[in-house]
file upload_2.cif (mmCIF, C-alpha atoms)
data_target
#
loop_
_atom_site.label_atom_id
_atom_site.label_comp_id
_atom_site.auth_asym_id
_atom_site.auth_seq_id
_atom_site.Cartn_x
_atom_site.Cartn_y
_atom_site.Cartn_z
CA MET A 44 0.00 0.00 0.00
CA SER A 45 1.65 3.23 -1.18
CA ALA A 46 0.47 6.86 -0.99
CA THR A 47 2.04 10.15 -2.13
CA GLY A 48 1.06 13.73 -1.35
CA THR A 49 -1.85 12.86 0.95
CA THR A 50 -3.30 14.79 3.89
CA GLY A 51 -5.09 13.02 6.73
CA LEU A 52 -5.01 9.56 5.15
CA THR A 53 -5.87 6.77 7.60
CA VAL A 54 -4.69 3.18 7.11
CA ARG A 55 -6.42 1.05 9.72
CA ALA A 56 -6.84 -2.67 10.43
CA THR A 57 -5.29 -3.95 7.21
CA TYR A 58 -3.17 -7.05 6.66
CA VAL A 59 -0.24 -6.20 4.41
CA HIS A 60 2.17 -8.99 3.53
CA ASP A 61 4.74 -10.46 1.13
CA ASN A 62 5.46 -7.33 -0.88
CA GLY A 63 8.85 -7.06 -2.55
CA GLN A 64 9.39 -3.50 -1.29
CA GLN A 65 7.55 -1.59 1.44
CA GLY A 66 4.45 -2.83 3.24
CA ILE A 67 2.70 0.49 4.03
CA SER A 68 4.41 3.52 2.50
CA GLN A 69 3.73 7.26 2.57
CA GLU A 70 5.83 10.04 1.06
CA LYS A 71 5.29 13.80 0.97
CA SER A 72 2.25 13.25 3.19
CA THR A 73 0.92 14.95 6.32
CA ARG A 74 -1.39 14.20 9.25
CA GLY A 75 -1.56 10.51 8.42
CA VAL A 76 -2.75 7.81 10.82
CA ILE A 77 -1.36 4.29 10.41
CA THR A 78 -2.88 2.19 13.16
CA ALA A 79 -3.86 -1.36 14.13
CA ASN A 80 -2.38 -2.92 10.99
CA GLU A 81 -0.34 -6.09 10.57
CA SER A 82 2.53 -5.73 8.12
CA THR A 83 4.69 -8.80 7.64
CA ARG A 84 7.22 -10.48 5.32
CA ASN A 85 7.83 -7.39 3.20
CA GLY A 86 11.16 -6.96 1.42
CA GLN A 87 11.83 -3.55 2.93
CA SER A 88 9.96 -1.86 5.79
CA GLY A 89 6.68 -2.83 7.37
CA VAL A 90 5.88 0.89 7.59
CA PHE A 91 7.94 3.40 5.59
CA LEU A 92 7.54 7.17 5.88
CA ALA A 93 9.70 9.59 3.90
CA ASN A 94 9.97 13.03 2.41
CA SER A 95 10.60 11.31 -0.91
CA VAL A 96 11.13 7.68 -1.79
CA ASP A 97 13.69 8.25 -4.56
CA SER A 98 15.37 11.62 -4.01
CA GLU A 99 17.51 13.47 -1.46
CA GLY A 100 16.57 16.73 0.26
CA GLY A 101 15.78 18.29 3.60
CA ALA A 102 13.27 16.81 5.99
CA LEU A 103 9.60 17.71 5.60
CA SER A 104 7.09 18.15 8.41
CA ALA A 105 4.61 15.28 8.68
CA ASP A 106 2.30 17.57 10.72
CA GLY A 107 1.61 15.07 13.48
CA THR A 108 1.47 11.81 11.54
CA LEU A 109 0.88 8.87 13.92
CA VAL A 110 2.12 5.28 13.56
CA SER A 111 0.52 3.34 16.42
CA ALA A 112 -0.59 -0.09 17.62
CA ASN A 113 0.71 -1.96 14.56
CA LEU A 114 2.16 -5.48 14.51
CA LEU A 115 5.31 -5.45 12.36
CA THR A 116 7.12 -8.75 11.85
CA ASP A 117 9.56 -10.46 9.47
CA ASN A 118 10.37 -7.35 7.42
CA ARG A 119 13.77 -5.82 6.71
CA VAL A 120 12.88 -3.03 9.17
CA GLY A 121 9.71 -2.67 11.21
CA VAL A 122 9.35 1.13 10.89
CA THR A 123 11.58 3.44 8.86
CA VAL A 124 11.24 7.22 9.18
CA ARG A 125 13.44 8.95 6.60
CA ARG A 126 13.96 12.72 6.41
CA LEU A 127 10.78 13.72 8.23
CA ARG A 128 9.84 15.79 11.28
CA ASP A 129 6.85 16.13 13.62
CA LEU A 130 5.45 12.62 13.93
CA SER A 131 5.07 9.87 16.51
CA VAL A 132 5.83 6.14 16.46
CA GLU A 133 4.11 4.66 19.51
CA ARG A 134 2.72 1.46 21.03
CA ASN A 135 3.75 -0.78 18.14
CA ARG A 136 4.80 -4.43 18.52
CA ILE A 137 7.92 -4.93 16.44
CA HIS A 138 9.69 -8.28 16.37
CA GLY A 139 11.37 -10.78 14.07
CA ASN A 140 12.66 -8.16 11.62
CA CYS A 141 16.31 -7.41 10.83
CA GLY A 142 15.85 -4.02 12.50
CA GLY A 143 13.08 -2.57 14.63
CA VAL A 144 12.86 1.22 14.17
CA PHE A 145 15.19 3.36 12.04
CA VAL A 146 15.10 7.19 12.15
CA VAL A 147 17.24 8.26 9.20
CA GLY A 148 18.64 11.69 8.38
CA ASP A 149 21.56 13.11 6.44
CA GLU A 150 23.13 16.47 5.61
CA GLY A 151 19.86 17.91 4.25
CA VAL A 152 18.38 20.96 5.99
CA PRO A 153 16.17 20.87 7.93
CA ARG A 154 17.41 17.67 9.52
CA ALA A 155 15.27 14.63 10.26
CA GLY A 156 14.00 14.66 13.82
CA ALA A 157 11.75 16.59 16.20
CA LEU A 158 9.74 13.38 16.55
CA THR A 159 8.81 10.83 19.20
CA VAL A 160 9.44 7.08 19.48
CA THR A 161 7.63 5.92 22.60
CA ARG A 162 6.05 2.92 24.34
CA ASN A 163 6.93 0.45 21.60
CA GLN A 164 7.80 -3.20 22.19
CA VAL A 165 10.90 -3.94 20.11
CA VAL A 166 11.98 -7.53 20.69
CA ALA A 167 14.34 -10.01 18.98
CA ASN A 168 14.76 -8.34 15.61
CA ASN A 169 17.54 -10.76 14.74
CA ARG A 170 17.06 -11.71 11.11
CA TYR A 171 20.03 -11.09 8.83
CA CYS A 172 19.54 -8.69 5.92
CA PRO A 173 22.50 -8.32 3.53
CA PRO A 174 24.09 -4.95 2.75
CA ASN A 175 22.96 -2.77 -0.12
CA PRO A 176 24.85 0.00 -1.93
CA ARG A 177 23.86 2.52 0.77
CA LEU A 178 23.80 0.54 4.04
CA ASP A 179 25.83 -2.16 5.75
CA HIS A 180 24.04 -5.37 6.67
CA ILE A 181 21.33 -5.16 9.33
CA GLN A 182 20.85 -7.65 12.12
CA GLY A 183 19.86 -7.40 15.76
CA ALA A 184 19.02 -3.69 15.61
CA GLY A 185 16.39 -2.39 18.04
CA ILE A 186 15.88 1.37 17.72
CA VAL A 187 18.47 3.17 15.58
CA LEU A 188 19.01 6.91 15.17
CA THR A 189 21.30 7.90 12.31
CA GLY A 190 21.84 11.55 11.41
CA ALA A 191 18.77 12.63 13.44
CA GLU A 192 18.19 15.56 15.78
CA GLU A 193 15.83 16.42 18.66
CA THR A 194 14.24 12.97 18.67
CA SER A 195 12.72 11.63 21.90
CA VAL A 196 13.09 7.87 22.50
CA THR A 197 11.21 7.14 25.72
CA GLU A 198 9.39 4.37 27.62
CA ASN A 199 10.12 1.65 25.08
CA GLU A 200 10.72 -2.02 25.88
CA VAL A 201 13.72 -3.08 23.82
CA ARG A 202 14.87 -6.65 24.44
CA ASP A 203 17.00 -9.41 22.94
CA ASN A 204 18.14 -7.67 19.75
CA VAL A 205 21.53 -9.26 19.03
CA GLY A 206 23.82 -9.09 16.02
CA ALA A 207 27.22 -8.07 14.64
CA SER A 208 26.22 -5.16 12.41
CA PRO A 209 27.20 -1.48 12.99
CA PHE A 210 23.49 -1.05 13.86
CA SER A 211 23.27 -3.99 16.30
CA GLY A 212 22.13 -3.43 19.87
CA GLY A 213 19.13 -2.18 21.81
CA ILE A 214 19.03 1.59 21.25
CA VAL A 215 21.84 2.68 18.93
CA LEU A 216 23.12 6.06 17.79
CA VAL A 217 25.36 5.99 14.73
CA HIS A 218 26.34 8.71 12.27
CA SER A 219 24.61 8.80 8.90
CA VAL A 220 26.02 7.26 5.73
CA VAL A 221 27.42 10.68 4.78
CA GLY A 222 28.97 11.15 8.23
CA VAL A 223 26.42 13.48 9.85
CA ALA A 224 26.24 13.08 13.64
CA ASN A 225 23.09 12.80 15.71
CA ALA A 226 22.33 15.95 17.69
CA ARG A 227 20.27 16.84 20.78
CA ASN A 228 18.39 13.54 21.00
CA THR A 229 16.95 12.21 24.27
CA VAL A 230 16.97 8.52 25.24
CA ALA A 231 15.17 8.18 28.58
CA ASP A 232 13.05 5.87 30.73
CA ASN A 233 13.44 2.84 28.46
CA LEU A 234 13.68 -0.82 29.52
CA VAL A 235 16.62 -2.09 27.46
CA LEU A 236 17.89 -5.57 28.34
CA GLY A 237 19.43 -8.63 26.71
CA ASN A 238 20.65 -6.79 23.62
CA GLY A 239 24.04 -7.32 22.04
CA PRO A 240 26.69 -6.18 21.82
CA ALA A 241 25.13 -3.49 24.06
CA ASP A 242 21.77 -2.37 25.37
CA LEU A 243 22.59 1.30 24.76
CA ALA A 244 25.22 2.08 22.12
CA ASP A 245 26.43 5.57 21.25
CA ARG A 246 28.70 4.92 18.27
CA ASP A 247 28.48 8.51 17.10
CA THR A 248 30.67 11.61 17.31
CA GLY A 249 27.86 13.84 18.60
CA THR A 250 28.35 15.01 22.18
CA ASP A 251 25.00 16.60 23.03
CA ASN A 252 22.73 13.55 23.10
CA SER A 253 21.15 12.72 26.46
CA PHE A 254 20.75 9.31 28.19
CA ALA A 255 18.76 9.23 31.45
CA ARG A 256 16.94 6.75 33.71
CA ASN A 257 17.20 3.81 31.34
CA GLN A 258 17.11 0.32 32.81
CA CYS A 259 19.91 -1.54 31.07
CA ALA A 260 22.91 -3.76 31.80
CA VAL A 261 25.55 -2.91 29.19
CA SER A 262 26.25 0.40 27.48
CA GLU A 263 28.76 1.44 24.86
CA PRO A 264 30.65 3.42 26.04
CA ALA A 265 30.19 2.50 29.70
CA GLY A 266 28.24 4.82 31.96
CA HIS A 267 24.94 5.28 30.14
CA CYS A 268 23.07 2.67 32.23
#

call {"tool": "encode", "arguments": {"input": "upload_2.cif", "output": "structure tokens"}}
result
Amino acid sequence: MSATGTTGLTVRATYVHDNGQQGISQEKSTRGVITANESTRNGQSGVFLANSVDSEGGALSADGTLVSANLLTDNRVGVTVRRLRDLSVERNRIHGNCGGVFVVGDEGVPRAGALTVTRNQVVANNRYCPPNPRLDHIQGAGIVLTGAEETSVTENEVRDNVGASPFSGGIVLVHSVVGVANARNTVADNLVLGNGPADLADRDTGTDNSFARNQCAVSEPAGHC
């Protein structure tokens, strides 16, 4: 299911499966509601939101788009948010993918971010997805911020995501493919356990990201738990 240039489109209670690319996809769209769907076994993301599917550029405002209460399994990534601002990803069950949630930005202005990832269950996203020309392989990635700013990651349950990719771990910050660091993001009040190689991993060069009150066992570097 793919939509472009929509305002207020609701996708509710659908079963989306076995597509070669995205499951549910919106680009250049605002005030969308994607809720109570099951999206499984899609070649790319279960839910994919972007400024544009096939071009670069600064992030657009999604004007409060909501992705909530979906079941996202056996995809490459459960939810991908690419070059967007002002939206929420909340209360989704995300498991059995290669990666759980990816918030993706780059050098475009404005940057991706100013969004919320909260109260999701992100568990055992341990499938192996091979690299492509833009990204390294993905495996065992819970919630990943790459080149994002002012994103709030709070009150999520992130468990048992284990792999050996640059994105592997529970909640992971890593610079974008063009080397842009994450900036002014908040990771707080999450339950992050059993992930590997770390529950919280800051593999970025940004120095103004905040980690607070997370329940975790292993952080990279040490001191974030």

call {"tool": "atom_distance", "arguments": {"input": "upload_2.cif", "atom1": "atom CA of A:Asn199", "atom2": "atom CA of A:Gly66"}}
result
23.0 Å

call {"tool": "residues_around", "arguments": {"input": "upload_2.cif", "residues": "A:Asn80", "least_positions_apart": "2", "cutoff": "9 Å", "atoms": "all atoms listed in the file", "output": "short mmCIF file (atom, residue, chain, number, x, y, z; two decimals) with C-alpha atoms, keeping the file's coordinate frame"}}
result
data_model
loop_
_atom_site.label_atom_id
_atom_site.label_comp_id
_atom_site.auth_asym_id
_atom_site.auth_seq_id
_atom_site.Cartn_x
_atom_site.Cartn_y
_atom_site.Cartn_z
CA VAL A 54 -4.69 3.18 7.11
CA ARG A 55 -6.42 1.05 9.72
CA ALA A 56 -6.84 -2.67 10.43
CA THR A 57 -5.29 -3.95 7.21
CA TYR A 58 -3.17 -7.05 6.66
CA VAL A 59 -0.24 -6.20 4.41
CA ILE A 77 -1.36 4.29 10.41
CA THR A 78 -2.88 2.19 13.16
CA SER A 82 2.53 -5.73 8.12
CA SER A 111 0.52 3.34 16.42
CA ALA A 112 -0.59 -0.09 17.62
CA ASN A 113 0.71 -1.96 14.56
CA LEU A 114 2.16 -5.48 14.51
CA LEU A 115 5.31 -5.45 12.36
#

call {"tool": "closest_residue", "arguments": {"input": "upload_2.cif", "among": "A:Arg170, A:Arg256, A:Arg134, A:Arg125", "to": "A:Ala191", "atoms": "all atoms listed in the file"}}
result
A:Arg125

call {"tool": "residues_around", "arguments": {"input": "upload_2.cif", "residues": "A:Val110", "least_positions_apart": "5", "cutoff": "8 Å", "atoms": "all atoms listed in the file", "output": "list in words"}}
result
Val76, Ile77, Thr78, Ser131, Val132, Glu133 and Asn135 of chain A

call {"tool": "resolve_selection", "arguments": {"input": "upload_2.cif", "expression": "the PyMOL selection byres ((chain A and resi 45) around 9)", "output": "PyMOL selection string"}}
result
chain A and resi 44+46-47+65-70

call {"tool": "residues_near_point", "arguments": {"input": "upload_2.cif", "point": "(19.4, -2.1, 14.3)", "cutoff": "9 Å", "atoms": "only C-alpha atoms", "output": "ChimeraX atom specification"}}
result
/A:120,141-145,168-169,181-187,204-206,208-215

call {"tool": "closest_residue", "arguments": {"input": "upload_2.cif", "among": "A:Val235, A:Ala265, A:Ala226, A:Leu130", "to": "A:Gln164", "atoms": "only C-alpha atoms"}}
result
A:Val235

call {"tool": "closest_residue", "arguments": {"input": "upload_2.cif", "among": "A:Gly249, A:Gly156, A:Gly63, A:Gly48", "to": "A:Arg119", "atoms": "all atoms listed in the file"}}
result
A:Gly63

call {"tool": "atom_distance", "arguments": {"input": "upload_2.cif", "atom1": "atom CA of A:Pro173", "atom2": "atom CA of A:Gln64"}}
result
14.8 Å

call {"tool": "atom_distance", "arguments": {"input": "upload_2.cif", "atom1": "atom CA of A:Ala155", "atom2": "atom CA of A:Asp106"}}
result
13.3 Å

call {"tool": "residues_around", "arguments": {"input": "upload_2.cif", "residues": "A:Gly266", "least_positions_apart": "2", "cutoff": "12 Å", "atoms": "only C-alpha atoms", "output": "list of chain:residue names"}}
result
A:Ala241, A:Asp242, A:Leu243, A:Ala244, A:Asp245, A:Ser253, A:Phe254, A:Ala255, A:Arg256, A:Asn257, A:Cys259, A:Ala260, A:Val261, A:Ser262, A:Glu263, A:Pro264, A:Cys268

call {"tool": "resolve_selection", "arguments": {"input": "upload_2.cif", "expression": "the PyMOL selection byres ((chain A and resi 148) around 10)", "output": "number ranges by chain"}}
result
A: 100-102, 124-127, 145-147, 149-156, 188-192, 218-221, 223-225

call {"tool": "resolve_selection", "arguments": {"input": "upload_2.cif", "expression": "the PyMOL selection byres ((chain A and resi 105) around 6)", "output": "MDAnalysis selection string"}}
result
chainID A and resid 73 104 106:108 128:130

call {"tool": "closest_residue", "arguments": {"input": "upload_2.cif", "among": "A:Thr49, A:Asn94, A:Thr250, A:Gln87", "to": "A:Gly121", "atoms": "only C-alpha atoms"}}
result
A:Gln87

call {"tool": "closest_residue", "arguments": {"input": "upload_2.cif", "among": "A:Arg246, A:His267, A:Asp179, A:Thr161", "to": "A:Asn233", "atoms": "all atoms listed in the file"}}
result
A:Thr161

call {"tool": "closest_residue", "arguments": {"input": "upload_2.cif", "among": "A:Thr123, A:Asn163, A:Asn238, A:Asn252", "to": "A:Arg136", "atoms": "all atoms listed in the file"}}
result
A:Asn163

call {"tool": "decode", "arguments": {"input": "upload_2.cif", "residues": "stretch 91-207 of chain A", "atoms": "C-alpha atoms", "output": "short mmCIF file (atom, residue, chain, number, x, y, z; two decimals), in the first residue's frame"}}
result
data_model
loop_
_atom_site.label_atom_id
_atom_site.label_comp_id
_atom_site.auth_asym_id
_atom_site.auth_seq_id
_atom_site.Cartn_x
_atom_site.Cartn_y
_atom_site.Cartn_z
CA PHE A 91 7.94 3.40 5.59
CA LEU A 92 7.54 7.17 5.88
CA ALA A 93 9.70 9.59 3.90
CA ASN A 94 9.97 13.03 2.41
CA SER A 95 10.60 11.31 -0.91
CA VAL A 96 11.13 7.68 -1.79
CA ASP A 97 13.69 8.25 -4.56
CA SER A 98 15.37 11.62 -4.01
CA GLU A 99 17.51 13.47 -1.46
CA GLY A 100 16.57 16.73 0.26
CA GLY A 101 15.78 18.29 3.60
CA ALA A 102 13.27 16.81 5.99
CA LEU A 103 9.60 17.71 5.60
CA SER A 104 7.09 18.15 8.41
CA ALA A 105 4.61 15.28 8.68
CA ASP A 106 2.30 17.57 10.72
CA GLY A 107 1.61 15.07 13.48
CA THR A 108 1.47 11.81 11.54
CA LEU A 109 0.88 8.87 13.92
CA VAL A 110 2.12 5.28 13.56
CA SER A 111 0.52 3.34 16.42
CA ALA A 112 -0.59 -0.09 17.62
CA ASN A 113 0.71 -1.96 14.56
CA LEU A 114 2.16 -5.48 14.51
CA LEU A 115 5.31 -5.45 12.36
CA THR A 116 7.12 -8.75 11.85
CA ASP A 117 9.56 -10.46 9.47
CA ASN A 118 10.37 -7.35 7.42
CA ARG A 119 13.77 -5.82 6.71
CA VAL A 120 12.88 -3.03 9.17
CA GLY A 121 9.71 -2.67 11.21
CA VAL A 122 9.35 1.13 10.89
CA THR A 123 11.58 3.44 8.86
CA VAL A 124 11.24 7.22 9.18
CA ARG A 125 13.44 8.95 6.60
CA ARG A 126 13.96 12.72 6.41
CA LEU A 127 10.78 13.72 8.23
CA ARG A 128 9.84 15.79 11.28
CA ASP A 129 6.85 16.13 13.62
CA LEU A 130 5.45 12.62 13.93
CA SER A 131 5.07 9.87 16.51
CA VAL A 132 5.83 6.14 16.46
CA GLU A 133 4.11 4.66 19.51
CA ARG A 134 2.72 1.46 21.03
CA ASN A 135 3.75 -0.78 18.14
CA ARG A 136 4.80 -4.43 18.52
CA ILE A 137 7.92 -4.93 16.44
CA HIS A 138 9.69 -8.28 16.37
CA GLY A 139 11.37 -10.78 14.07
CA ASN A 140 12.66 -8.16 11.62
CA CYS A 141 16.31 -7.41 10.83
CA GLY A 142 15.85 -4.02 12.50
CA GLY A 143 13.08 -2.57 14.63
CA VAL A 144 12.86 1.22 14.17
CA PHE A 145 15.19 3.36 12.04
CA VAL A 146 15.10 7.19 12.15
CA VAL A 147 17.24 8.26 9.20
CA GLY A 148 18.64 11.69 8.38
CA ASP A 149 21.56 13.11 6.44
CA GLU A 150 23.13 16.47 5.61
CA GLY A 151 19.86 17.91 4.25
CA VAL A 152 18.38 20.96 5.99
CA PRO A 153 16.17 20.87 7.93
CA ARG A 154 17.41 17.67 9.52
CA ALA A 155 15.27 14.63 10.26
CA GLY A 156 14.00 14.66 13.82
CA ALA A 157 11.75 16.59 16.20
CA LEU A 158 9.74 13.38 16.55
CA THR A 159 8.81 10.83 19.20
CA VAL A 160 9.44 7.08 19.48
CA THR A 161 7.63 5.92 22.60
CA ARG A 162 6.05 2.92 24.34
CA ASN A 163 6.93 0.45 21.60
CA GLN A 164 7.80 -3.20 22.19
CA VAL A 165 10.90 -3.94 20.11
CA VAL A 166 11.98 -7.53 20.69
CA ALA A 167 14.34 -10.01 18.98
CA ASN A 168 14.76 -8.34 15.61
CA ASN A 169 17.54 -10.76 14.74
CA ARG A 170 17.06 -11.71 11.11
CA TYR A 171 20.03 -11.09 8.83
CA CYS A 172 19.54 -8.69 5.92
CA PRO A 173 22.50 -8.32 3.53
CA PRO A 174 24.09 -4.95 2.75
CA ASN A 175 22.96 -2.77 -0.12
CA PRO A 176 24.85 0.00 -1.93
CA ARG A 177 23.86 2.52 0.77
CA LEU A 178 23.80 0.54 4.04
CA ASP A 179 25.83 -2.16 5.75
CA HIS A 180 24.04 -5.37 6.67
CA ILE A 181 21.33 -5.16 9.33
CA GLN A 182 20.85 -7.65 12.12
CA GLY A 183 19.86 -7.40 15.76
CA ALA A 184 19.02 -3.69 15.61
CA GLY A 185 16.39 -2.39 18.04
CA ILE A 186 15.88 1.37 17.72
CA VAL A 187 18.47 3.17 15.58
CA LEU A 188 19.01 6.91 15.17
CA THR A 189 21.30 7.90 12.31
CA GLY A 190 21.84 11.55 11.41
CA ALA A 191 18.77 12.63 13.44
CA GLU A 192 18.19 15.56 15.78
CA GLU A 193 15.83 16.42 18.66
CA THR A 194 14.24 12.97 18.67
CA SER A 195 12.72 11.63 21.90
CA VAL A 196 13.09 7.87 22.50
CA THR A 197 11.21 7.14 25.72
CA GLU A 198 9.39 4.37 27.62
CA ASN A 199 10.12 1.65 25.08
CA GLU A 200 10.72 -2.02 25.88
CA VAL A 201 13.72 -3.08 23.82
CA ARG A 202 14.87 -6.65 24.44
CA ASP A 203 17.00 -9.41 22.94
CA ASN A 204 18.14 -7.67 19.75
CA VAL A 205 21.53 -9.26 19.03
CA GLY A 206 23.82 -9.09 16.02
CA ALA A 207 27.22 -8.07 14.64
#
